[in-house]
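**Student:** First the structure, which I've put down as structure tokens, then a few questions once you've had a look.
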Amino acid sequence: MSRTVPATSSYWKRNQQRLAPWLFLAPGMIMFSIYVIIPIFESIWISFYDWDGLGAKTWIGMANYVELLDDEAFYTSLKNNILWLVLYLLAVPAGLAVALFLNQTVAGIRLYKSLFFFPFVISQVVVGLIFTWFYAPDFGLLSALIKAVSGQSIAILADERYVTLGIIAAGLWPQIAYCMILYLTGLNNINPEQVEAARMDGAKGWSLLWNIILPQLGPATFIAVVVTVIGALRSFDLVSIMTDGGPYGSSRVLSFYMYEQALSEYGYRMGYGAAIAVVLFMIMMVFITLFIVRMLMQERHA
Amino acid sequence: MADVTLRNVTKQFGAVSVIKGVDFSIADGEFCVFVGPSGCGKSTLLRMIAGLEEISSGELKIGGNDMTHVGPSERGVAMVFQSYALYPHMTVSDNIGFGLRMTGHDKAEIEKRTARAAKMLQLEPLLTRKPSQLSGGQRQRVAIGRAIVRNPEVFLFDEPLSNLDAALRVQMRTEISTLHQDLKATMIYVTHDQVEAMTMADKIVVLSAGSIEQIGSPLELYHRPKNLFVAGFIGSPKMNFLTATAAPAGDQIRVTLPGGVDILLPAGNARISEGQAVTLGIRPEHIDAYAKDGAILPAKLRLAEYLGSETMFYVSLADGSDIAVKADGLATAHPGADFRVGIPPKACHLFDAQGVAIINGDLTK
Amino acid sequence: MFPTPVQKAAPWVRHAYTIILPIALIVWLLPLIGVAITSIRPSGDLAAGNYFGMPSRFAGIENYTAVFRDSPIGWYILNSFKVTIPTVIGAVGLACLSGFALAVYKFRANLIVFFLFVAGNFIPFQILMVPVRDMTLKAGLYDSISGLVLFHVAFQTGFCTLFMRNFIKSLPFALIESARVEGVSEWRIFRYIVLPLMRPAIAALSVLVFTFIWNDYFWATVLVQGQHAMPVTAGLYSLNGQWIAAWHLVSAGSIVAAMPPVLMFFLMQKHFIAGLTLGATKG
């Protein structure tokens with residue numbers, strides 16, 4: 001039964017299973033490396049230079065980072081980012097609340113669910129414009145409501161005290177919708193027999209939610225937290241659309257400040273921008289690491 | 001012609017060794033069953049023969065050719081999977097012909113072979129259906145059909161009947177046996193069900209924890225188990241085991257059973273030291289529930305199961321050990337009643353402290 | 001089911017629920033409803049201070065016509081399609097290949113490569129901004145549709161690969177082994193067995209990526225400058241600067257820009273949600 005096969009073909013046949021994964025991976029990996037993996041390291045490298053994006057780069061070591069330590073605007077951005085992170089996480093319980101509210105089987109509930117989800121589908125640019133209009137002094141719907149209730153008129157986006165809160169509220173709108181859909185799917189997949197068994201054991205209301213439902217929603221909660229944290233740290237669109245960082249830079253976040261420094265009309269400071277991006281990246285790495293560790297544990301169990 | 005030979009074959013998953021060096025051969029046209037409890041490595045061994053798992057060391061020959069490091073498609077084997085592995089997006093006939101199409105057979109040939117397999121397995125009316133429209137037994141047949149069309153020299157079955165209900169399983173069992181007689185191909189079949197092994201096999205390989213416990217024909221394993229594991233695994237209901245002590249008594253062995261009853265067994269060439277700890281094995285169907293003399297153990301009935309064709313009595317001996325007794329279907333008794341367990345010396349198996357058989361009460365002799 | 005179905009609750013709860021539900025929806029969508037109404041308001045209403053009342057007449061046609069006639073929004077939308085559709089095809093296509101590789105083969109670097117894709121997916125865009133912009137400039141692709149498409153394809157490949165890999169992992173592995181025993185080559189296993197079974201995943205990913213890319217604003221501002229390649233998100237923002245206080249036009253423009261992903265969502269709702277909630281139920 002010995003067959004004679006050309007050497008090349010037999011090499012391919014013998015090693016097909018070993019080579020195949022790399023051939024399948026190659027196109028995606030090459031693209032991803034060029035545009036994502038390598039640029040991360042380039043950015044870190046650029047952050048040690050003074051560079052206007054066109055001329056020669058000048059090595060300045062840690063100078064960009066030292067400058068950050070004394071930069072008022074950087075601290076404002078960092079503080080706002082933390083505020084974003086904390087308040088944005090409200091989307092998780094709020095999304096759960098909406099999901100519980102909608103997890104019924106009355107007529108037309110599917111359409112209700114879709115419409116509640118609506119804000120997530122819309123571009124953040126449009127969300128930003130909608131809320132800018134909503135907040136606008138004089139003719140904005142919210143301002144009119146506040147005026148009717150308290151008699152005062154507040155220009156939310158022009159007031160340093162409220163501007164970031166106003167933008168975060170706009171961001172929460174689609175984010176709550178996102179968390180809601182995650183929880184609705186989670187609730188849908190809970191084994192109804194377990195809920196019935198718990199009811200027969202006398203659990204109801206909060207105790208049922210806390211002891212039986214929430215633990216089963218663990219995966220949904222995890223994903224909701226992950227996407228919300230990422231969303232909070234990535235917040236750029238709304239700031240750019242609604243205030244352009246103002247008033248007086250008080251609504252800047254790191255991602256926006258970085259963009260401003262690197263590409264602003266006052267001159268390109270690529271190195272300094274890169275340094276800000278590296279700081280943001282480091283913060284995000286904490287969360288990415290947590291996420292990867294959890295996924296790794298799941299893979300081990302699988 | 002395809003005999004299958006394994007020489008000192010091992011499998012490591014990292015530091016864990018799953019197959020610890022097995023040696024045996026399967027003759028051309030033989031129906032060989034790998035049997036053992038779950039986790040014993042029987043499926044891994046089959047997958048190694050298929051080429052789906054690499055062989056860590058040792059040698060595999062199929063039809064005299066070294067196949068140790070050859071890809072699965074070059075080994076001339078076909079496999080039927082436990083889950084059937086039917087391609088859900090293809091019709092029955094596409095499923096059956098897929099492998100031939102992918103390996104460049106011409107259309108007429110594919111149709112001819114598909115038609116032949118469909119006829120053999122009574123699949124003709126189902127050829128245009130999708131797997132989701134088939135019953136479990138029909139899916140199983142398609143999976144077998146997919147194997148048949150390739151005219152393999154060796155068929156591999158990985159627990160193919162475990163997803164079927166009991167009645168269908170019996171039916172498919174006979175169908176596979178018939179198929180074997182018709183095709184006269186070598187077949188290797190993995191199962192955890194010793195009844196399947198006993199009913200289908202020419203040769204059974206009993207595996208436990210990655211090693212071979214015994215190889216033999218179904219009746220060899222039943223009558224002459226080499227050790228406690230095989231004795232306990234083959235046969236249903238399970239063999240009873242009694243702890244006992246043995247002593248030489250001329251050309252016989254005196255075994256003292258719990259409760260002080262003695263029984264004399266022919267020694268043969270077995271060597272026994274005075275007071276040696278042994279295990280006496282006796283199958284439930286060989287116990288005499290109506291014995292008048294000989295070795296009789298007094299017992300109390302715990303539970304009776306009336307199956308109609310036979311009655312199972314579960315009794316407790318004086319020392320608390322339990323024994324199952326198979327009696328004819330007309331026997332009755334009430335729980336708590338006194339019971340006499342008659343042990344015929346001819347049917348007794350004796351195992352030493354390591355579990356190795358000293359004496360096999362082979363009733364065929 | 002949790003919470004208790006209202007059908008089983010007291011009648012007043014049931015009635016209250018049916019009343020509260022539409023009210024909650026209106027409150028939830030209030031900003032959107034406001035914008036929708038504004039988009040059909042005649043400009044005279046705004047000048048006269050009629051911001052919240054009923055529009056004095058239906059001016060939808062004239063507002064939307066004005067948006068398309070007086071601004072390049074039609075062109076921007078065309079650009080958005082030119083960016084979005086090739087990106088969807090490219091990213092989903094690459095991810096089918098790499099997801100297959102990561103789901104089917106055991107090799108030492110498998111998990112490392114996989115986590116590289118996953119991690120890359122979560123990084124802040126800003127860390128990529130300077131090098132990607134520089135690279136695009138040097139390649140002569142700055143301010144062009146293809147520059148934007150190439151980046152989006154590469155970046156979305158991370159998320160798509162995660163998605164595809166998990167989807168293929170959930171398929172019965174015996175299908176692939178069975179084909180291997182039958183002598184089917186690896187490429188044909190991918191082409192004829194796995195790819196046909198990936199249809200639902202391809203649909204889900206396509207809708208999701210379409211929405212993500214359509215709604216992208218950051219990269220549209222980083223990699224594009226002029227009108228000729230500008231997608232609708234960035235375009236809308238620049239129009240917003242021109243239409244100061246012309247809120248009826250801004251509103252109409254916003255609704256036009258939001259329409260394609262909204263339509264996509266309603267047409268492909270099942271796939272969209274399946275894609276978005278991947279991982280929310282198991283593991």
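Residue names in the structure tokens use chain letters A, B, ... in the order shown, residue numbers from 1 in each chain, and ligand numbers from 1 in the order shown.
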Residues of chain B within 9 Å of chain A, counting only C-alpha atoms - could you list those as an NGL selection string?

**Tutor:** :B and (63 or 65 or 69-71)

**Student:** Report as an MDAnalysis selection string: the residues of segment 13-185 of chain B with a DSSP assignment of strand (DSSP E), based on the backbone of this structure.

**Tutor:** chainID B and resid 13 16:26 31:35 57:62 65:66 77:80 154:158

**Student:** Can those selected residues be exported to a file as an mmCIF file, in the first residue's frame so that it contains C-alpha atoms?

**Tutor:**
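Contents of again-v6.cif, as written:
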```cif
data_model
loop_
_atom_site.group_PDB
_atom_site.id
_atom_site.type_symbol
_atom_site.label_atom_id
_atom_site.label_comp_id
_atom_site.auth_asym_id
_atom_site.auth_seq_id
_atom_site.Cartn_x
_atom_site.Cartn_y
_atom_site.Cartn_z
ATOM 1 C CA PHE B 13 -1.414 14.612 28.150
ATOM 2 C CA VAL B 16 -0.638 12.750 32.907
ATOM 3 C CA SER B 17 -0.235 9.423 31.208
ATOM 4 C CA VAL B 18 -3.538 8.276 29.834
ATOM 5 C CA ILE B 19 -2.428 5.130 28.014
ATOM 6 C CA LYS B 20 0.371 3.327 29.787
ATOM 7 C CA GLY B 21 1.820 1.098 27.124
ATOM 8 C CA VAL B 22 -0.546 -1.296 25.403
ATOM 9 C CA ASP B 23 0.357 -4.245 23.184
ATOM 10 C CA PHE B 24 -2.083 -6.264 21.154
ATOM 11 C CA SER B 25 -3.198 -7.016 17.660
ATOM 12 C CA ILE B 26 -6.548 -7.358 15.969
ATOM 13 C CA PHE B 31 -14.787 -7.410 15.642
ATOM 14 C CA CYS B 32 -12.856 -6.058 18.596
ATOM 15 C CA VAL B 33 -14.460 -4.202 21.491
ATOM 16 C CA PHE B 34 -12.637 -1.913 23.910
ATOM 17 C CA VAL B 35 -14.528 -1.921 27.162
ATOM 18 C CA SER B 57 5.404 6.557 21.930
ATOM 19 C CA GLY B 58 5.139 3.069 20.517
ATOM 20 C CA GLU B 59 4.074 1.847 17.124
ATOM 21 C CA LEU B 60 0.788 1.411 15.274
ATOM 22 C CA LYS B 61 0.490 -0.744 12.178
ATOM 23 C CA ILE B 62 -2.579 -1.085 10.006
ATOM 24 C CA ASN B 65 2.080 -0.469 7.270
ATOM 25 C CA ASP B 66 3.456 1.806 9.956
ATOM 26 C CA VAL B 77 -10.059 4.045 8.545
ATOM 27 C CA ALA B 78 -13.597 5.374 8.933
ATOM 28 C CA MET B 79 -15.074 6.473 12.215
ATOM 29 C CA VAL B 80 -18.579 6.678 13.639
ATOM 30 C CA VAL B 154 -10.996 -0.587 9.446
ATOM 31 C CA PHE B 155 -14.203 0.777 10.978
ATOM 32 C CA LEU B 156 -13.957 2.629 14.269
ATOM 33 C CA PHE B 157 -17.007 3.111 16.492
ATOM 34 C CA ASP B 158 -16.856 5.448 19.493
#
```

**Student:** Just need the residues of chain B within 8 Å of chain C, counting only C-alpha atoms, so spit them out as a short mmCIF file (atom, residue, chain, number, x, y, z; two decimals) with N, CA and C atoms, in the first residue's frame.

**Tutor:**
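Saved the output as selection_6.cif:
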```cif
data_model
loop_
_atom_site.label_atom_id
_atom_site.label_comp_id
_atom_site.auth_asym_id
_atom_site.auth_seq_id
_atom_site.Cartn_x
_atom_site.Cartn_y
_atom_site.Cartn_z
N ALA B 50 -7.39 6.18 15.15
CA ALA B 50 -7.97 6.98 14.07
C ALA B 50 -7.00 8.04 13.56
N GLY B 51 -6.04 8.44 14.42
CA GLY B 51 -5.14 9.52 14.05
C GLY B 51 -5.59 10.86 14.56
N LEU B 52 -6.64 10.87 15.40
CA LEU B 52 -7.13 12.14 15.94
C LEU B 52 -6.34 12.57 17.17
N PRO B 72 -4.92 11.21 9.80
CA PRO B 72 -6.10 10.35 9.86
C PRO B 72 -6.63 9.95 8.49
N SER B 73 -6.52 10.86 7.52
CA SER B 73 -7.11 10.57 6.22
C SER B 73 -6.33 9.51 5.45
N GLU B 74 -5.08 9.26 5.84
CA GLU B 74 -4.24 8.33 5.09
C GLU B 74 -4.27 6.92 5.68
N VAL B 77 -9.07 4.35 7.51
CA VAL B 77 -10.06 4.05 8.54
C VAL B 77 -11.27 4.96 8.38
N ALA B 78 -12.41 4.52 8.88
CA ALA B 78 -13.60 5.37 8.93
C ALA B 78 -14.11 5.31 10.35
N MET B 79 -14.69 6.43 10.81
CA MET B 79 -15.07 6.47 12.21
C MET B 79 -16.52 6.91 12.35
N VAL B 80 -17.22 6.28 13.28
CA VAL B 80 -18.58 6.68 13.64
C VAL B 80 -18.52 7.27 15.04
N PHE B 81 -18.96 8.54 15.16
CA PHE B 81 -18.80 9.24 16.42
C PHE B 81 -20.00 9.05 17.34
N SER B 83 -21.58 11.32 18.92
CA SER B 83 -22.61 12.33 18.65
C SER B 83 -23.07 12.26 17.19
N TYR B 84 -22.61 11.28 16.46
CA TYR B 84 -22.88 11.06 15.03
C TYR B 84 -22.13 12.04 14.15
N ALA B 85 -21.94 13.31 14.64
CA ALA B 85 -21.19 14.31 13.86
C ALA B 85 -21.71 14.47 12.45
N LEU B 86 -23.02 14.47 12.27
CA LEU B 86 -23.57 14.74 10.95
C LEU B 86 -23.48 16.23 10.68
N TYR B 87 -23.20 16.59 9.41
CA TYR B 87 -23.11 18.01 9.06
C TYR B 87 -24.53 18.56 8.95
N PRO B 88 -24.91 19.45 9.85
CA PRO B 88 -26.33 19.84 9.96
C PRO B 88 -26.85 20.56 8.72
N HIS B 89 -25.96 21.15 7.91
CA HIS B 89 -26.44 21.93 6.77
C HIS B 89 -26.51 21.11 5.50
N GLY B 99 -17.33 13.10 2.05
CA GLY B 99 -15.92 12.72 2.09
C GLY B 99 -15.40 12.33 0.72
N LEU B 100 -16.24 11.62 -0.04
CA LEU B 100 -15.82 11.20 -1.39
C LEU B 100 -15.67 12.41 -2.30
N MET B 102 -14.98 15.48 -1.44
CA MET B 102 -13.83 16.28 -1.04
C MET B 102 -12.52 15.62 -1.43
N THR B 103 -12.52 14.30 -1.63
CA THR B 103 -11.28 13.64 -1.99
C THR B 103 -11.25 13.29 -3.46
N ARG B 150 -16.86 4.84 2.17
CA ARG B 150 -15.44 5.05 1.92
C ARG B 150 -14.70 3.73 1.77
#
```

**Student:** Give me, as JSON lines, each residue of chain A that comes within 6 Å of chain C, together with its shortest interatomic pair and the distance in Å at one decimal, counting only C-alpha atoms, with rows ordered by chain and rising residue number.

**Tutor:**
```
{"residue": "A:Pro21", "atom": "CA", "partner": "C:Ala101", "partner_atom": "CA", "distance": 4.6}
{"residue": "A:Phe24", "atom": "CA", "partner": "C:Leu97", "partner_atom": "CA", "distance": 5.1}
{"residue": "A:Leu25", "atom": "CA", "partner": "C:Ser98", "partner_atom": "CA", "distance": 4.5}
{"residue": "A:Gly28", "atom": "CA", "partner": "C:Leu94", "partner_atom": "CA", "distance": 5.2}
{"residue": "A:Met31", "atom": "CA", "partner": "C:Ala154", "partner_atom": "CA", "distance": 5.1}
{"residue": "A:Phe32", "atom": "CA", "partner": "C:Ala154", "partner_atom": "CA", "distance": 4.9}
{"residue": "A:Pro39", "atom": "CA", "partner": "C:Leu128", "partner_atom": "CA", "distance": 5.4}
{"residue": "A:Ile40", "atom": "CA", "partner": "C:Leu128", "partner_atom": "CA", "distance": 5.9}
{"residue": "A:Gln104", "atom": "CA", "partner": "C:Pro5", "partner_atom": "CA", "distance": 5.8}
{"residue": "A:Ile122", "atom": "CA", "partner": "C:Ala258", "partner_atom": "CA", "distance": 5.5}
{"residue": "A:Ser123", "atom": "CA", "partner": "C:Asn215", "partner_atom": "CA", "distance": 4.5}
{"residue": "A:Val126", "atom": "CA", "partner": "C:Ser254", "partner_atom": "CA", "distance": 5.5}
{"residue": "A:Phe139", "atom": "CA", "partner": "C:Tyr51", "partner_atom": "CA", "distance": 5.9}
{"residue": "A:Leu182", "atom": "CA", "partner": "C:Thr277", "partner_atom": "CA", "distance": 5.4}
{"residue": "A:Gly186", "atom": "CA", "partner": "C:Thr281", "partner_atom": "CA", "distance": 5.3}
{"residue": "A:Pro192", "atom": "CA", "partner": "C:Met1", "partner_atom": "CA", "distance": 5.6}
{"residue": "A:Pro219", "atom": "CA", "partner": "C:Ala280", "partner_atom": "CA", "distance": 5.1}
{"residue": "A:Ala220", "atom": "CA", "partner": "C:Ala280", "partner_atom": "CA", "distance": 4.1}
{"residue": "A:Arg234", "atom": "CA", "partner": "C:Pro124", "partner_atom": "CA", "distance": 5.8}
{"residue": "A:Ala277", "atom": "CA", "partner": "C:Ile127", "partner_atom": "CA", "distance": 4.9}
```

**Student:** Segment 121-128 of chain B: which residues within 9 Å, counting only C-alpha atoms, same-chain residues fewer than 4 positions away excluded, as a PyMOL selection string?

**Tutor:** chain B and resi 91-94+115-117+134+138+141-142+144-145+175

**Student:** Take the residues that were just selected and, keeping N, CA and C atoms, output them as a PDB file, in the first residue's frame.

**Tutor:**
```
ATOM      1  N   THR B  91     -27.883  17.535   3.314  1.00  0.00           N
ATOM      2  CA  THR B  91     -28.880  16.465   3.299  1.00  0.00           C
ATOM      3  C   THR B  91     -28.190  15.135   3.616  1.00  0.00           C
ATOM      4  N   VAL B  92     -29.013  14.124   3.817  1.00  0.00           N
ATOM      5  CA  VAL B  92     -28.473  12.809   4.129  1.00  0.00           C
ATOM      6  C   VAL B  92     -27.520  12.342   3.031  1.00  0.00           C
ATOM      7  N   SER B  93     -27.940  12.490   1.771  1.00  0.00           N
ATOM      8  CA  SER B  93     -27.062  11.966   0.723  1.00  0.00           C
ATOM      9  C   SER B  93     -25.795  12.807   0.611  1.00  0.00           C
ATOM     10  N   ASP B  94     -25.887  14.111   0.843  1.00  0.00           N
ATOM     11  CA  ASP B  94     -24.672  14.935   0.838  1.00  0.00           C
ATOM     12  C   ASP B  94     -23.756  14.567   1.988  1.00  0.00           C
ATOM     13  N   ALA B 115     -25.800   5.105  -3.059  1.00  0.00           N
ATOM     14  CA  ALA B 115     -27.006   4.300  -3.242  1.00  0.00           C
ATOM     15  C   ALA B 115     -26.845   2.935  -2.569  1.00  0.00           C
ATOM     16  N   ARG B 116     -25.663   2.366  -2.705  1.00  0.00           N
ATOM     17  CA  ARG B 116     -25.428   1.052  -2.119  1.00  0.00           C
ATOM     18  C   ARG B 116     -25.538   1.131  -0.584  1.00  0.00           C
ATOM     19  N   ALA B 117     -24.903   2.153  -0.002  1.00  0.00           N
ATOM     20  CA  ALA B 117     -24.935   2.291   1.457  1.00  0.00           C
ATOM     21  C   ALA B 117     -26.359   2.556   1.933  1.00  0.00           C
ATOM     22  N   LEU B 134     -34.353  13.877  11.282  1.00  0.00           N
ATOM     23  CA  LEU B 134     -34.227  12.435  11.467  1.00  0.00           C
ATOM     24  C   LEU B 134     -34.327  12.068  12.942  1.00  0.00           C
ATOM     25  N   GLN B 138     -32.099   6.911  12.992  1.00  0.00           N
ATOM     26  CA  GLN B 138     -31.814   7.236  11.587  1.00  0.00           C
ATOM     27  C   GLN B 138     -30.503   7.999  11.465  1.00  0.00           C
ATOM     28  N   ARG B 141     -27.729   5.654  11.594  1.00  0.00           N
ATOM     29  CA  ARG B 141     -27.547   4.927  10.335  1.00  0.00           C
ATOM     30  C   ARG B 141     -26.810   5.784   9.315  1.00  0.00           C
ATOM     31  N   VAL B 142     -27.155   7.076   9.276  1.00  0.00           N
ATOM     32  CA  VAL B 142     -26.458   7.955   8.327  1.00  0.00           C
ATOM     33  C   VAL B 142     -24.971   8.000   8.667  1.00  0.00           C
ATOM     34  N   ILE B 144     -23.227   5.737  10.040  1.00  0.00           N
ATOM     35  CA  ILE B 144     -22.610   4.481   9.610  1.00  0.00           C
ATOM     36  C   ILE B 144     -22.463   4.469   8.089  1.00  0.00           C
ATOM     37  N   GLY B 145     -23.508   4.991   7.408  1.00  0.00           N
ATOM     38  CA  GLY B 145     -23.454   5.050   5.947  1.00  0.00           C
ATOM     39  C   GLY B 145     -22.272   5.867   5.467  1.00  0.00           C
ATOM     40  N   GLU B 175     -27.948  -4.807  14.122  1.00  0.00           N
ATOM     41  CA  GLU B 175     -27.675  -4.288  12.776  1.00  0.00           C
ATOM     42  C   GLU B 175     -26.183  -4.138  12.532  1.00  0.00           C
TER      43      GLU B 175
END
```

**Student:** Tell me which protein, DNA and RNA residues are within 10 Å of Lys203 of chain B, counting only C-alpha atoms, leaving out same-chain ones fewer than 4 positions away, and put them as an MDAnalysis selection string.

**Tutor:** chainID B and resid 26:27 30:34 188 197:198 215:221

**Student:** Now that the selection is made, can you save its residues with N, CA and C atoms as a PDB file, in the first residue's frame?

**Tutor:**
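Result file follows (selection.pdb):
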```
ATOM      1  N   ILE B  26      -5.198  -6.982  16.363  1.00  0.00           N
ATOM      2  CA  ILE B  26      -6.548  -7.358  15.969  1.00  0.00           C
ATOM      3  C   ILE B  26      -6.436  -7.946  14.572  1.00  0.00           C
ATOM      4  N   ALA B  27      -6.970  -9.134  14.407  1.00  0.00           N
ATOM      5  CA  ALA B  27      -6.818  -9.804  13.121  1.00  0.00           C
ATOM      6  C   ALA B  27      -7.730  -9.168  12.079  1.00  0.00           C
ATOM      7  N   GLU B  30     -11.754  -9.020  12.174  1.00  0.00           N
ATOM      8  CA  GLU B  30     -12.208  -9.295  13.538  1.00  0.00           C
ATOM      9  C   GLU B  30     -13.064  -8.140  14.059  1.00  0.00           C
ATOM     10  N   PHE B  31     -14.019  -8.449  14.948  1.00  0.00           N
ATOM     11  CA  PHE B  31     -14.787  -7.410  15.642  1.00  0.00           C
ATOM     12  C   PHE B  31     -14.238  -7.308  17.045  1.00  0.00           C
ATOM     13  N   CYS B  32     -13.530  -6.204  17.303  1.00  0.00           N
ATOM     14  CA  CYS B  32     -12.856  -6.058  18.596  1.00  0.00           C
ATOM     15  C   CYS B  32     -13.518  -4.940  19.394  1.00  0.00           C
ATOM     16  N   VAL B  33     -13.813  -5.214  20.648  1.00  0.00           N
ATOM     17  CA  VAL B  33     -14.460  -4.202  21.491  1.00  0.00           C
ATOM     18  C   VAL B  33     -13.514  -3.781  22.600  1.00  0.00           C
ATOM     19  N   PHE B  34     -13.361  -2.448  22.742  1.00  0.00           N
ATOM     20  CA  PHE B  34     -12.637  -1.913  23.910  1.00  0.00           C
ATOM     21  C   PHE B  34     -13.681  -1.594  24.961  1.00  0.00           C
ATOM     22  N   ILE B 188     -13.439  -1.889  15.136  1.00  0.00           N
ATOM     23  CA  ILE B 188     -13.054  -1.650  16.523  1.00  0.00           C
ATOM     24  C   ILE B 188     -14.144  -0.794  17.140  1.00  0.00           C
ATOM     25  N   ALA B 197     -20.426  -5.296  24.724  1.00  0.00           N
ATOM     26  CA  ALA B 197     -19.166  -5.977  24.442  1.00  0.00           C
ATOM     27  C   ALA B 197     -19.391  -7.469  24.300  1.00  0.00           C
ATOM     28  N   MET B 198     -20.123  -8.053  25.226  1.00  0.00           N
ATOM     29  CA  MET B 198     -20.335  -9.502  25.214  1.00  0.00           C
ATOM     30  C   MET B 198     -21.108  -9.944  23.974  1.00  0.00           C
ATOM     31  N   ILE B 215      -7.351  -9.561  27.627  1.00  0.00           N
ATOM     32  CA  ILE B 215      -7.851  -9.650  26.259  1.00  0.00           C
ATOM     33  C   ILE B 215      -8.368 -11.057  26.041  1.00  0.00           C
ATOM     34  N   GLY B 216      -9.522 -11.180  25.427  1.00  0.00           N
ATOM     35  CA  GLY B 216     -10.008 -12.528  25.163  1.00  0.00           C
ATOM     36  C   GLY B 216     -11.380 -12.505  24.540  1.00  0.00           C
ATOM     37  N   SER B 217     -11.890 -13.682  24.233  1.00  0.00           N
ATOM     38  CA  SER B 217     -13.236 -13.770  23.688  1.00  0.00           C
ATOM     39  C   SER B 217     -14.217 -13.526  24.832  1.00  0.00           C
ATOM     40  N   PRO B 218     -15.476 -13.188  24.513  1.00  0.00           N
ATOM     41  CA  PRO B 218     -16.443 -12.924  25.580  1.00  0.00           C
ATOM     42  C   PRO B 218     -16.506 -14.057  26.598  1.00  0.00           C
ATOM     43  N   LEU B 219     -16.541 -15.309  26.148  1.00  0.00           N
ATOM     44  CA  LEU B 219     -16.693 -16.407  27.103  1.00  0.00           C
ATOM     45  C   LEU B 219     -15.432 -16.640  27.928  1.00  0.00           C
ATOM     46  N   GLU B 220     -14.275 -16.396  27.308  1.00  0.00           N
ATOM     47  CA  GLU B 220     -13.029 -16.484  28.087  1.00  0.00           C
ATOM     48  C   GLU B 220     -13.073 -15.521  29.263  1.00  0.00           C
ATOM     49  N   LEU B 221     -13.501 -14.298  28.976  1.00  0.00           N
ATOM     50  CA  LEU B 221     -13.514 -13.296  30.033  1.00  0.00           C
ATOM     51  C   LEU B 221     -14.543 -13.653  31.107  1.00  0.00           C
TER      52      LEU B 221
END
```

**Student:** Segment 166-205 of chain B: which residues are helix (DSSP H, G or I) by DSSP, as a VMD selection string?

**Tutor:** chain B and resid 166 to 183 194 to 200

**Student:** Which value, in Å to one decimal, gives the distance between atom CA of Gly260 of chain B and atom CA of Ser316 of chain B?

**Tutor:**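 Taking atom CA of Gly260 of chain B and atom CA of Ser316 of chain B, their separation equals 15.3 Å.
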
**Student:** Just the residues within 12 Å of Pro215 of chain A, please, counting only C-alpha atoms, with nothing from its chain fewer than 6 positions along; format it as a list in words.

**Tutor:** Gly186, Leu187, Ile190, Ser207, Leu208, Leu209, Thr221 and Phe222 of chain A; Thr281 of chain C
